[in-house]
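Remarks on the structure that follows.
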Amino acid sequence: MRLLPAAVSLSLTVALAYYVYIPLPETIQEPWRLMMLDVSFRTTMHLASLKAWLGFDHYIQFLRQSTEDFDDIMQGLCSSQSEGGVMPGVKVCDITFAGVPVRVYEPPAGGEGHLRRGLMFIHGGGWALGTTKKGSYDVINRMLSDELNTVVVSVEYRLYPEVNFPVPYLDCLAAAKHFLSAEVQARYAIDPERIAVSGDSAGGNLAAAVAQEISTDDTMSVKFSVQALIYPVLQALDFNTPSYLQNQHIPILHRPIMVRFWLQYFGADLSLLPQLLANNHSSLQHSNITPELRARVDWTVLLSPKDKKNYKHVIVEKGSQGGAREVPGLLDVRASPLLAGPEVLAKSPRAYILTCEHDVLRDDGLMYARRLQDSGVTVTVDHYLHGFHGCFSFITWPMEFEVGKKAVRGYLDWLQKNL
(Lines give C-alpha, C1' and ligand atoms only; values in the text may rest on other atoms or scores of the structure.)
Protein backbone atom coordinates (compact mmCIF):
# COMPACT_ATOMS: atom_id res chain seq x y z
CA MET A 1 0.00 0.00 0.00
CA ARG A 2 2.99 2.29 -0.46
CA LEU A 3 1.39 3.39 -3.73
CA LEU A 4 -1.24 5.57 -2.01
CA PRO A 5 1.14 7.88 -0.04
CA ALA A 6 3.30 8.20 -3.16
CA ALA A 7 0.26 9.16 -5.23
CA VAL A 8 -0.80 11.77 -2.66
CA SER A 9 2.69 13.27 -2.59
CA LEU A 10 2.91 13.37 -6.38
CA SER A 11 -0.56 14.91 -6.73
CA LEU A 12 0.21 17.66 -4.22
CA THR A 13 3.54 18.43 -5.89
CA VAL A 14 2.00 18.65 -9.37
CA ALA A 15 -0.91 20.79 -8.16
CA LEU A 16 1.33 23.23 -6.29
CA ALA A 17 3.78 23.48 -9.18
CA TYR A 18 0.85 24.33 -11.46
CA TYR A 19 0.56 27.81 -9.94
CA VAL A 20 4.24 28.56 -10.49
CA TYR A 21 3.53 28.58 -14.22
CA ILE A 22 -0.08 29.81 -14.20
CA PRO A 23 -0.51 32.42 -11.43
CA LEU A 24 -3.98 33.56 -10.44
CA PRO A 25 -5.27 36.94 -11.71
CA GLU A 26 -4.64 39.94 -9.47
CA THR A 27 -8.38 40.57 -9.21
CA ILE A 28 -8.86 37.35 -7.24
CA GLN A 29 -8.90 38.07 -3.53
CA GLU A 30 -7.39 35.66 -0.97
CA PRO A 31 -5.43 33.83 -3.72
CA TRP A 32 -3.46 31.55 -1.41
CA ARG A 33 -6.59 30.22 0.22
CA LEU A 34 -8.14 29.57 -3.19
CA MET A 35 -4.96 27.88 -4.39
CA MET A 36 -4.93 25.54 -1.42
CA LEU A 37 -8.60 24.74 -1.96
CA ASP A 38 -7.86 23.90 -5.58
CA VAL A 39 -4.81 21.84 -4.66
CA SER A 40 -7.01 19.82 -2.30
CA PHE A 41 -9.61 19.34 -5.04
CA ARG A 42 -7.03 18.31 -7.65
CA THR A 43 -5.41 15.85 -5.27
CA THR A 44 -8.78 14.30 -4.48
CA MET A 45 -9.55 14.02 -8.21
CA HIS A 46 -6.22 12.29 -8.85
CA LEU A 47 -6.78 9.83 -6.02
CA ALA A 48 -10.32 9.15 -7.20
CA SER A 49 -9.07 8.43 -10.72
CA LEU A 50 -6.33 6.17 -9.33
CA LYS A 51 -8.80 4.14 -7.25
CA ALA A 52 -11.08 3.79 -10.28
CA TRP A 53 -8.14 2.67 -12.43
CA LEU A 54 -7.23 0.08 -9.81
CA GLY A 55 -10.80 -1.20 -9.94
CA PHE A 56 -11.98 -0.23 -6.44
CA ASP A 57 -15.03 1.89 -7.34
CA HIS A 58 -16.25 4.63 -9.64
CA TYR A 59 -14.26 7.83 -9.21
CA ILE A 60 -17.44 9.78 -8.43
CA GLN A 61 -18.11 7.54 -5.42
CA PHE A 62 -14.71 8.46 -3.96
CA LEU A 63 -15.32 12.16 -4.64
CA ARG A 64 -18.71 11.97 -2.93
CA GLN A 65 -17.29 10.32 0.15
CA SER A 66 -14.45 12.83 0.31
CA THR A 67 -16.75 15.84 -0.02
CA GLU A 68 -19.19 14.44 2.54
CA ASP A 69 -16.34 13.87 4.99
CA PHE A 70 -15.16 17.43 4.36
CA ASP A 71 -18.69 18.77 4.94
CA ASP A 72 -18.91 16.85 8.22
CA ILE A 73 -15.66 18.41 9.41
CA MET A 74 -16.68 21.91 8.33
CA GLN A 75 -20.11 21.58 9.93
CA GLY A 76 -18.52 20.46 13.19
CA LEU A 77 -16.07 23.35 13.16
CA CYS A 78 -18.82 25.79 12.27
CA SER A 79 -21.03 24.53 15.11
CA SER A 80 -18.18 24.84 17.56
CA GLN A 81 -17.85 28.51 16.65
CA SER A 82 -21.47 29.36 17.43
CA GLU A 83 -23.81 28.87 20.32
CA GLY A 84 -26.50 26.27 19.80
CA GLY A 85 -25.67 25.52 16.15
CA VAL A 86 -27.03 27.22 13.05
CA MET A 87 -30.50 28.81 13.15
CA PRO A 88 -31.90 26.36 15.73
CA GLY A 89 -35.42 27.77 15.30
CA VAL A 90 -35.76 26.40 11.77
CA LYS A 91 -37.72 23.15 11.60
CA VAL A 92 -36.17 20.57 9.25
CA CYS A 93 -37.91 17.50 7.89
CA ASP A 94 -36.85 14.92 5.29
CA ILE A 95 -39.82 13.67 3.24
CA THR A 96 -40.70 12.95 -0.39
CA PHE A 97 -42.52 15.07 -2.98
CA ALA A 98 -44.04 12.89 -5.74
CA GLY A 99 -41.58 10.16 -4.79
CA VAL A 100 -38.54 12.48 -4.89
CA PRO A 101 -36.59 12.94 -1.63
CA VAL A 102 -36.64 16.54 -0.40
CA ARG A 103 -35.62 18.38 2.74
CA VAL A 104 -38.16 20.94 3.96
CA TYR A 105 -37.06 23.94 6.04
CA GLU A 106 -39.83 25.74 7.91
CA PRO A 107 -39.19 29.14 9.50
CA PRO A 108 -39.36 29.61 13.28
CA ALA A 109 -42.76 29.93 14.89
CA GLY A 110 -44.33 33.36 14.69
CA GLY A 111 -46.55 35.31 12.36
CA GLU A 112 -49.34 32.75 12.53
CA GLY A 113 -52.24 33.55 10.27
CA HIS A 114 -49.98 35.07 7.59
CA LEU A 115 -48.92 33.35 4.40
CA ARG A 116 -45.22 32.73 3.90
CA ARG A 117 -42.87 32.75 0.95
CA GLY A 118 -41.91 29.48 -0.74
CA LEU A 119 -38.63 28.59 -2.45
CA MET A 120 -37.39 25.42 -4.13
CA PHE A 121 -33.61 25.10 -4.06
CA ILE A 122 -31.67 22.74 -6.37
CA HIS A 123 -28.05 22.10 -5.46
CA GLY A 124 -25.11 22.04 -7.86
CA GLY A 125 -22.30 19.54 -8.32
CA GLY A 126 -22.09 18.74 -12.05
CA TRP A 127 -25.21 16.52 -11.86
CA ALA A 128 -22.97 14.03 -10.03
CA LEU A 129 -22.04 15.48 -6.63
CA GLY A 130 -23.67 17.37 -3.79
CA THR A 131 -26.39 16.94 -1.21
CA THR A 132 -28.85 19.27 0.45
CA LYS A 133 -28.30 17.74 3.86
CA LYS A 134 -24.75 18.82 4.67
CA GLY A 135 -22.33 21.69 4.36
CA SER A 136 -23.03 25.12 2.91
CA TYR A 137 -26.29 24.15 1.20
CA ASP A 138 -27.82 23.28 4.54
CA VAL A 139 -26.52 26.53 6.04
CA ILE A 140 -27.86 28.66 3.17
CA ASN A 141 -31.26 26.98 3.19
CA ARG A 142 -31.56 27.62 6.92
CA MET A 143 -30.65 31.27 6.34
CA LEU A 144 -33.28 31.55 3.62
CA SER A 145 -35.95 30.06 5.85
CA ASP A 146 -35.03 32.06 8.94
CA GLU A 147 -34.31 35.49 7.44
CA LEU A 148 -36.99 35.57 4.75
CA ASN A 149 -39.74 33.68 6.61
CA THR A 150 -39.67 31.16 3.78
CA VAL A 151 -40.60 27.50 3.44
CA VAL A 152 -37.59 26.11 1.59
CA VAL A 153 -37.74 22.79 -0.24
CA SER A 154 -34.32 21.43 -1.22
CA VAL A 155 -34.37 18.61 -3.77
CA GLU A 156 -32.30 15.41 -3.48
CA TYR A 157 -32.50 14.51 -7.17
CA ARG A 158 -30.74 11.40 -8.50
CA LEU A 159 -27.18 11.77 -9.74
CA TYR A 160 -24.61 10.37 -12.17
CA PRO A 161 -23.40 7.61 -12.46
CA GLU A 162 -26.62 6.03 -11.18
CA VAL A 163 -28.65 7.99 -13.77
CA ASN A 164 -28.18 10.28 -16.78
CA PHE A 165 -30.20 13.04 -18.43
CA PRO A 166 -33.14 13.54 -18.32
CA VAL A 167 -33.66 11.81 -14.94
CA PRO A 168 -32.30 14.64 -12.71
CA TYR A 169 -34.46 17.13 -14.60
CA LEU A 170 -37.54 14.91 -14.33
CA ASP A 171 -36.97 14.46 -10.58
CA CYS A 172 -36.81 18.23 -10.09
CA LEU A 173 -39.83 18.83 -12.30
CA ALA A 174 -41.93 16.26 -10.40
CA ALA A 175 -40.92 17.79 -7.06
CA ALA A 176 -41.67 21.29 -8.38
CA LYS A 177 -45.17 20.39 -9.55
CA HIS A 178 -45.92 18.84 -6.17
CA PHE A 179 -44.53 21.90 -4.37
CA LEU A 180 -46.81 24.17 -6.43
CA SER A 181 -49.92 22.11 -5.67
CA ALA A 182 -52.78 23.53 -3.61
CA GLU A 183 -52.33 20.73 -1.07
CA VAL A 184 -48.73 21.67 -0.27
CA GLN A 185 -49.46 25.40 -0.24
CA ALA A 186 -52.22 24.85 2.28
CA ARG A 187 -50.14 22.49 4.44
CA TYR A 188 -47.26 24.97 4.77
CA ALA A 189 -49.25 28.23 4.53
CA ILE A 190 -47.41 29.40 1.40
CA ASP A 191 -48.48 32.44 -0.60
CA PRO A 192 -49.06 31.15 -4.18
CA GLU A 193 -47.95 34.53 -5.56
CA ARG A 194 -44.55 34.37 -3.82
CA ILE A 195 -42.86 31.11 -4.81
CA ALA A 196 -39.35 30.95 -6.30
CA VAL A 197 -37.13 28.34 -7.87
CA SER A 198 -33.40 28.64 -7.36
CA GLY A 199 -30.15 26.74 -7.78
CA ASP A 200 -26.42 27.04 -8.28
CA SER A 201 -24.28 25.77 -11.17
CA ALA A 202 -25.84 22.47 -12.37
CA GLY A 203 -28.67 23.26 -9.95
CA GLY A 204 -29.11 26.60 -11.72
CA ASN A 205 -29.37 24.65 -14.97
CA LEU A 206 -32.13 22.48 -13.53
CA ALA A 207 -33.89 25.48 -11.96
CA ALA A 208 -33.94 27.36 -15.28
CA ALA A 209 -35.18 24.31 -17.18
CA VAL A 210 -37.92 23.62 -14.63
CA ALA A 211 -38.97 27.29 -14.62
CA GLN A 212 -39.33 27.19 -18.42
CA GLU A 213 -41.44 24.03 -18.36
CA ILE A 214 -43.72 25.23 -15.56
CA SER A 215 -44.20 28.65 -17.18
CA THR A 216 -45.45 27.09 -20.44
CA ASP A 217 -47.61 24.38 -18.82
CA ASP A 218 -51.22 25.52 -19.05
CA THR A 219 -52.31 22.82 -16.60
CA MET A 220 -50.39 24.53 -13.77
CA SER A 221 -52.60 27.06 -12.01
CA VAL A 222 -49.73 28.25 -9.80
CA LYS A 223 -46.34 29.05 -11.32
CA PHE A 224 -43.01 30.32 -10.04
CA SER A 225 -42.94 34.10 -9.69
CA VAL A 226 -39.15 34.30 -9.48
CA GLN A 227 -36.12 32.33 -10.68
CA ALA A 228 -32.83 32.97 -8.88
CA LEU A 229 -29.88 31.41 -10.71
CA ILE A 230 -26.38 31.30 -9.22
CA TYR A 231 -23.63 30.97 -11.85
CA PRO A 232 -25.82 28.58 -13.89
CA VAL A 233 -24.53 26.26 -16.63
CA LEU A 234 -26.91 26.71 -19.55
CA GLN A 235 -25.47 25.41 -22.83
CA ALA A 236 -23.16 22.76 -24.30
CA LEU A 237 -22.66 24.13 -27.82
CA ASP A 238 -19.80 26.54 -27.23
CA PHE A 239 -16.92 25.78 -24.89
CA ASN A 240 -14.87 28.61 -26.40
CA THR A 241 -16.78 31.60 -25.10
CA PRO A 242 -14.61 34.39 -23.68
CA SER A 243 -15.24 33.20 -20.12
CA TYR A 244 -14.39 29.58 -20.94
CA LEU A 245 -11.08 30.68 -22.45
CA GLN A 246 -10.25 33.43 -19.97
CA ASN A 247 -10.90 31.19 -16.96
CA GLN A 248 -9.95 27.76 -18.26
CA HIS A 249 -7.19 27.45 -15.64
CA ILE A 250 -9.00 29.19 -12.77
CA PRO A 251 -10.14 27.18 -9.71
CA ILE A 252 -12.25 25.42 -8.94
CA LEU A 253 -14.16 24.60 -12.13
CA HIS A 254 -11.61 24.09 -14.89
CA ARG A 255 -12.79 24.01 -18.51
CA PRO A 256 -12.15 20.27 -19.19
CA ILE A 257 -13.93 19.33 -15.95
CA MET A 258 -17.08 21.19 -17.03
CA VAL A 259 -17.06 19.45 -20.41
CA ARG A 260 -16.59 16.11 -18.66
CA PHE A 261 -19.58 16.84 -16.43
CA TRP A 262 -21.67 17.48 -19.56
CA LEU A 263 -20.61 14.22 -21.23
CA GLN A 264 -21.35 12.28 -18.04
CA TYR A 265 -24.77 13.94 -17.75
CA PHE A 266 -25.60 12.98 -21.32
CA GLY A 267 -24.29 9.43 -20.88
CA ALA A 268 -21.93 10.02 -23.80
CA ASP A 269 -18.48 8.66 -24.58
CA LEU A 270 -15.90 10.55 -22.49
CA SER A 271 -13.38 10.25 -25.32
CA LEU A 272 -15.40 12.98 -27.08
CA LEU A 273 -14.00 15.56 -24.67
CA PRO A 274 -11.28 16.88 -27.05
CA GLN A 275 -13.87 17.32 -29.82
CA LEU A 276 -16.19 19.35 -27.62
CA LEU A 277 -13.31 21.45 -26.27
CA ALA A 278 -12.55 22.34 -29.89
CA ASN A 279 -16.25 23.13 -30.59
CA ASN A 280 -16.20 20.27 -33.11
CA HIS A 281 -19.88 19.42 -32.59
CA SER A 282 -20.54 19.02 -36.31
CA SER A 283 -18.98 15.55 -36.37
CA LEU A 284 -21.53 14.21 -33.88
CA GLN A 285 -24.53 12.17 -34.94
CA HIS A 286 -27.88 13.98 -34.92
CA SER A 287 -26.16 17.32 -34.28
CA ASN A 288 -28.32 19.36 -36.65
CA ILE A 289 -27.19 22.70 -35.30
CA THR A 290 -29.18 25.19 -37.35
CA PRO A 291 -28.25 28.88 -37.74
CA GLU A 292 -31.25 29.69 -35.53
CA LEU A 293 -29.90 27.53 -32.70
CA ARG A 294 -26.40 28.97 -33.08
CA ALA A 295 -27.83 32.48 -32.80
CA ARG A 296 -29.24 31.61 -29.37
CA VAL A 297 -25.71 31.03 -28.04
CA ASP A 298 -23.88 33.59 -30.19
CA TRP A 299 -21.78 35.49 -27.67
CA THR A 300 -20.55 37.90 -30.35
CA VAL A 301 -24.09 39.33 -30.37
CA LEU A 302 -25.29 38.60 -26.84
CA LEU A 303 -22.31 39.86 -24.81
CA SER A 304 -21.25 43.45 -24.22
CA PRO A 305 -17.91 44.64 -25.66
CA LYS A 306 -16.24 44.55 -22.24
CA ASP A 307 -17.17 40.87 -21.87
CA LYS A 308 -16.19 39.89 -25.41
CA LYS A 309 -12.69 41.29 -24.88
CA ASN A 310 -10.45 40.27 -27.82
CA TYR A 311 -11.56 36.67 -28.19
CA LYS A 312 -12.52 35.12 -31.52
CA HIS A 313 -15.63 33.13 -32.29
CA VAL A 314 -14.78 29.42 -32.78
CA ILE A 315 -17.12 27.47 -35.06
CA VAL A 316 -16.09 24.21 -36.72
CA GLU A 317 -18.32 23.86 -39.78
CA LYS A 318 -17.18 20.38 -40.81
CA GLY A 319 -15.95 17.73 -38.43
CA SER A 320 -14.16 14.48 -39.20
CA GLN A 321 -16.39 12.15 -41.18
CA GLY A 322 -15.26 8.89 -39.61
CA GLY A 323 -16.65 7.31 -36.48
CA ALA A 324 -19.30 9.90 -35.65
CA ARG A 325 -20.80 9.27 -32.24
CA GLU A 326 -23.97 10.42 -30.56
CA VAL A 327 -24.39 12.81 -27.65
CA PRO A 328 -28.02 12.29 -26.65
CA GLY A 329 -29.72 15.41 -25.37
CA LEU A 330 -27.16 17.82 -26.82
CA LEU A 331 -29.84 20.04 -28.38
CA ASP A 332 -32.59 19.38 -25.83
CA VAL A 333 -33.73 22.62 -24.16
CA ARG A 334 -34.38 20.67 -20.96
CA ALA A 335 -30.60 20.19 -20.77
CA SER A 336 -29.60 23.54 -22.30
CA PRO A 337 -32.12 26.24 -21.30
CA LEU A 338 -30.21 28.86 -23.30
CA LEU A 339 -31.43 27.11 -26.47
CA ALA A 340 -35.09 27.81 -25.68
CA GLY A 341 -37.03 29.89 -28.19
CA PRO A 342 -38.12 33.48 -27.49
CA GLU A 343 -41.74 32.38 -27.12
CA VAL A 344 -40.71 30.21 -24.14
CA LEU A 345 -38.42 32.80 -22.58
CA ALA A 346 -41.17 35.44 -22.78
CA LYS A 347 -43.29 33.41 -20.36
CA SER A 348 -40.45 32.84 -17.88
CA PRO A 349 -40.58 34.42 -14.41
CA ARG A 350 -38.51 37.48 -13.61
CA ALA A 351 -34.95 36.54 -12.92
CA TYR A 352 -31.95 37.11 -10.69
CA ILE A 353 -28.71 35.83 -12.22
CA LEU A 354 -25.49 35.83 -10.22
CA THR A 355 -22.27 35.71 -12.25
CA CYS A 356 -18.59 35.71 -11.31
CA GLU A 357 -15.78 37.25 -13.35
CA HIS A 358 -13.42 34.31 -12.79
CA ASP A 359 -15.81 31.55 -13.83
CA VAL A 360 -15.99 29.56 -17.07
CA LEU A 361 -19.80 29.80 -16.80
CA ARG A 362 -19.89 33.60 -16.57
CA ASP A 363 -20.97 34.07 -20.17
CA ASP A 364 -23.71 31.42 -19.95
CA GLY A 365 -25.39 33.55 -17.30
CA LEU A 366 -24.80 36.84 -19.13
CA MET A 367 -26.14 35.48 -22.43
CA TYR A 368 -29.23 34.08 -20.70
CA ALA A 369 -29.84 37.42 -19.01
CA ARG A 370 -29.65 39.20 -22.39
CA ARG A 371 -31.99 36.74 -24.08
CA LEU A 372 -34.52 36.97 -21.25
CA GLN A 373 -34.39 40.77 -21.38
CA ASP A 374 -34.83 40.72 -25.17
CA SER A 375 -37.93 38.57 -24.59
CA GLY A 376 -39.42 41.14 -22.18
CA VAL A 377 -38.49 39.50 -18.86
CA THR A 378 -37.22 41.66 -15.99
CA VAL A 379 -33.70 40.53 -15.08
CA THR A 380 -31.24 41.54 -12.37
CA VAL A 381 -27.61 40.58 -13.07
CA ASP A 382 -25.51 40.53 -9.91
CA HIS A 383 -21.89 40.34 -11.10
CA TYR A 384 -18.94 39.81 -8.76
CA LEU A 385 -15.64 41.09 -10.14
CA HIS A 386 -13.63 39.13 -7.54
CA GLY A 387 -15.85 36.05 -7.69
CA PHE A 388 -14.95 32.53 -8.78
CA HIS A 389 -17.07 29.46 -9.44
CA GLY A 390 -18.19 27.92 -6.17
CA CYS A 391 -17.58 30.99 -4.02
CA PHE A 392 -21.26 31.00 -2.99
CA SER A 393 -20.61 27.78 -1.09
CA PHE A 394 -17.55 28.98 0.86
CA ILE A 395 -19.09 31.13 3.56
CA THR A 396 -18.26 29.35 6.84
CA TRP A 397 -15.06 29.18 8.83
CA PRO A 398 -12.40 27.98 8.12
CA MET A 399 -13.09 27.98 4.34
CA GLU A 400 -14.84 31.32 4.12
CA PHE A 401 -14.20 33.85 1.38
CA GLU A 402 -15.33 37.47 1.64
CA VAL A 403 -16.66 37.40 -1.93
CA GLY A 404 -18.72 34.31 -1.05
CA LYS A 405 -20.31 36.03 1.94
CA LYS A 406 -21.03 39.13 -0.18
CA ALA A 407 -22.61 36.95 -2.88
CA VAL A 408 -24.90 35.16 -0.41
CA ARG A 409 -25.89 38.48 1.18
CA GLY A 410 -26.69 39.98 -2.24
CA TYR A 411 -28.81 36.93 -3.10
CA LEU A 412 -30.73 37.09 0.19
CA ASP A 413 -31.28 40.85 -0.10
CA TRP A 414 -32.63 40.53 -3.64
CA LEU A 415 -35.07 37.81 -2.63
CA GLN A 416 -36.16 39.86 0.39
CA LYS A 417 -37.15 42.71 -1.94
CA ASN A 418 -38.45 40.75 -4.91
CA LEU A 419 -40.11 37.59 -3.63
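Simple scheme: letters A, B, ... for chains in C-alpha coordinates order, numbers from 1 for residues in each chain, numbers from 1 for ligands in the order shown.
Those residues that approach A:Gly204 to within 8 Å, counting only C-alpha atoms, are Ile122, His123, Gly124, Ser198, Gly199, Asp200, Ser201, Ala207, Ala208, Ala228, Leu229, Ile230, Tyr231, Pro232 and Val233 of chain A; same-chain residues fewer than 3 positions away are not listed.
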With DSSP run on the backbone, what are the strand (DSSP E) residues within stretch 107-203 of chain A? I'd like them as a PyMOL selection string.
chain A and resi 116-122+150-155+190-200
Grab the atom CA of A:Glu147 to atom CA of A:Phe392 distance for me, in Å with one decimal place.
17.3 Å
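Candidate residues A:Leu115, A:Val210, A:Met367, A:Leu419 were compared for distance to A:Leu144, and the nearest is A:Leu419, using only C-alpha atoms.
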Compile the contact shell of A:Ser225 as an NGL selection string: residues with an atom at most 7 Å away, counting only C-alpha atoms, same-chain residues fewer than 5 positions apart removed.
:A and (193-196 or 349-350)
Interface rows for stretch 144-222 of chain A against stretch 97-110 of chain A: nearest pair, Å to one decimal, 10 Å, only C-alpha atoms, as JSON lines:
```
{"residue": "A:Leu144", "atom": "CA", "partner": "A:Pro107", "partner_atom": "CA", "distance": 8.7}
{"residue": "A:Ser145", "atom": "CA", "partner": "A:Pro107", "partner_atom": "CA", "distance": 5.0}
{"residue": "A:Asp146", "atom": "CA", "partner": "A:Pro107", "partner_atom": "CA", "distance": 5.1}
{"residue": "A:Glu147", "atom": "CA", "partner": "A:Pro107", "partner_atom": "CA", "distance": 8.3}
{"residue": "A:Leu148", "atom": "CA", "partner": "A:Pro107", "partner_atom": "CA", "distance": 8.3}
{"residue": "A:Asn149", "atom": "CA", "partner": "A:Pro107", "partner_atom": "CA", "distance": 5.4}
{"residue": "A:Thr150", "atom": "CA", "partner": "A:Pro107", "partner_atom": "CA", "distance": 6.1}
{"residue": "A:Val151", "atom": "CA", "partner": "A:Glu106", "partner_atom": "CA", "distance": 4.9}
{"residue": "A:Val152", "atom": "CA", "partner": "A:Tyr105", "partner_atom": "CA", "distance": 5.0}
{"residue": "A:Val153", "atom": "CA", "partner": "A:Val104", "partner_atom": "CA", "distance": 4.6}
{"residue": "A:Ser154", "atom": "CA", "partner": "A:Arg103", "partner_atom": "CA", "distance": 5.2}
{"residue": "A:Val155", "atom": "CA", "partner": "A:Val102", "partner_atom": "CA", "distance": 4.6}
{"residue": "A:Glu156", "atom": "CA", "partner": "A:Pro101", "partner_atom": "CA", "distance": 5.3}
{"residue": "A:Tyr157", "atom": "CA", "partner": "A:Val100", "partner_atom": "CA", "distance": 6.8}
{"residue": "A:Arg158", "atom": "CA", "partner": "A:Val100", "partner_atom": "CA", "distance": 8.7}
{"residue": "A:Leu170", "atom": "CA", "partner": "A:Val100", "partner_atom": "CA", "distance": 9.8}
{"residue": "A:Asp171", "atom": "CA", "partner": "A:Val100", "partner_atom": "CA", "distance": 6.2}
{"residue": "A:Cys172", "atom": "CA", "partner": "A:Val100", "partner_atom": "CA", "distance": 7.9}
{"residue": "A:Leu173", "atom": "CA", "partner": "A:Ala98", "partner_atom": "CA", "distance": 9.8}
{"residue": "A:Ala174", "atom": "CA", "partner": "A:Ala98", "partner_atom": "CA", "distance": 6.1}
{"residue": "A:Ala175", "atom": "CA", "partner": "A:Phe97", "partner_atom": "CA", "distance": 5.2}
{"residue": "A:Ala176", "atom": "CA", "partner": "A:Phe97", "partner_atom": "CA", "distance": 8.3}
{"residue": "A:Lys177", "atom": "CA", "partner": "A:Ala98", "partner_atom": "CA", "distance": 8.5}
{"residue": "A:His178", "atom": "CA", "partner": "A:Phe97", "partner_atom": "CA", "distance": 6.0}
{"residue": "A:Phe179", "atom": "CA", "partner": "A:Phe97", "partner_atom": "CA", "distance": 7.3}
{"residue": "A:Val184", "atom": "CA", "partner": "A:Phe97", "partner_atom": "CA", "distance": 9.5}
{"residue": "A:Tyr188", "atom": "CA", "partner": "A:Glu106", "partner_atom": "CA", "distance": 8.1}
```
Need to verify the contact set: A:Lys223, 8 Å, only C-alpha atoms, exclusion of same-chain residues closer than 5 positions in sequence. Can you return it as number ranges by chain?
A: 180, 192, 195, 214-215
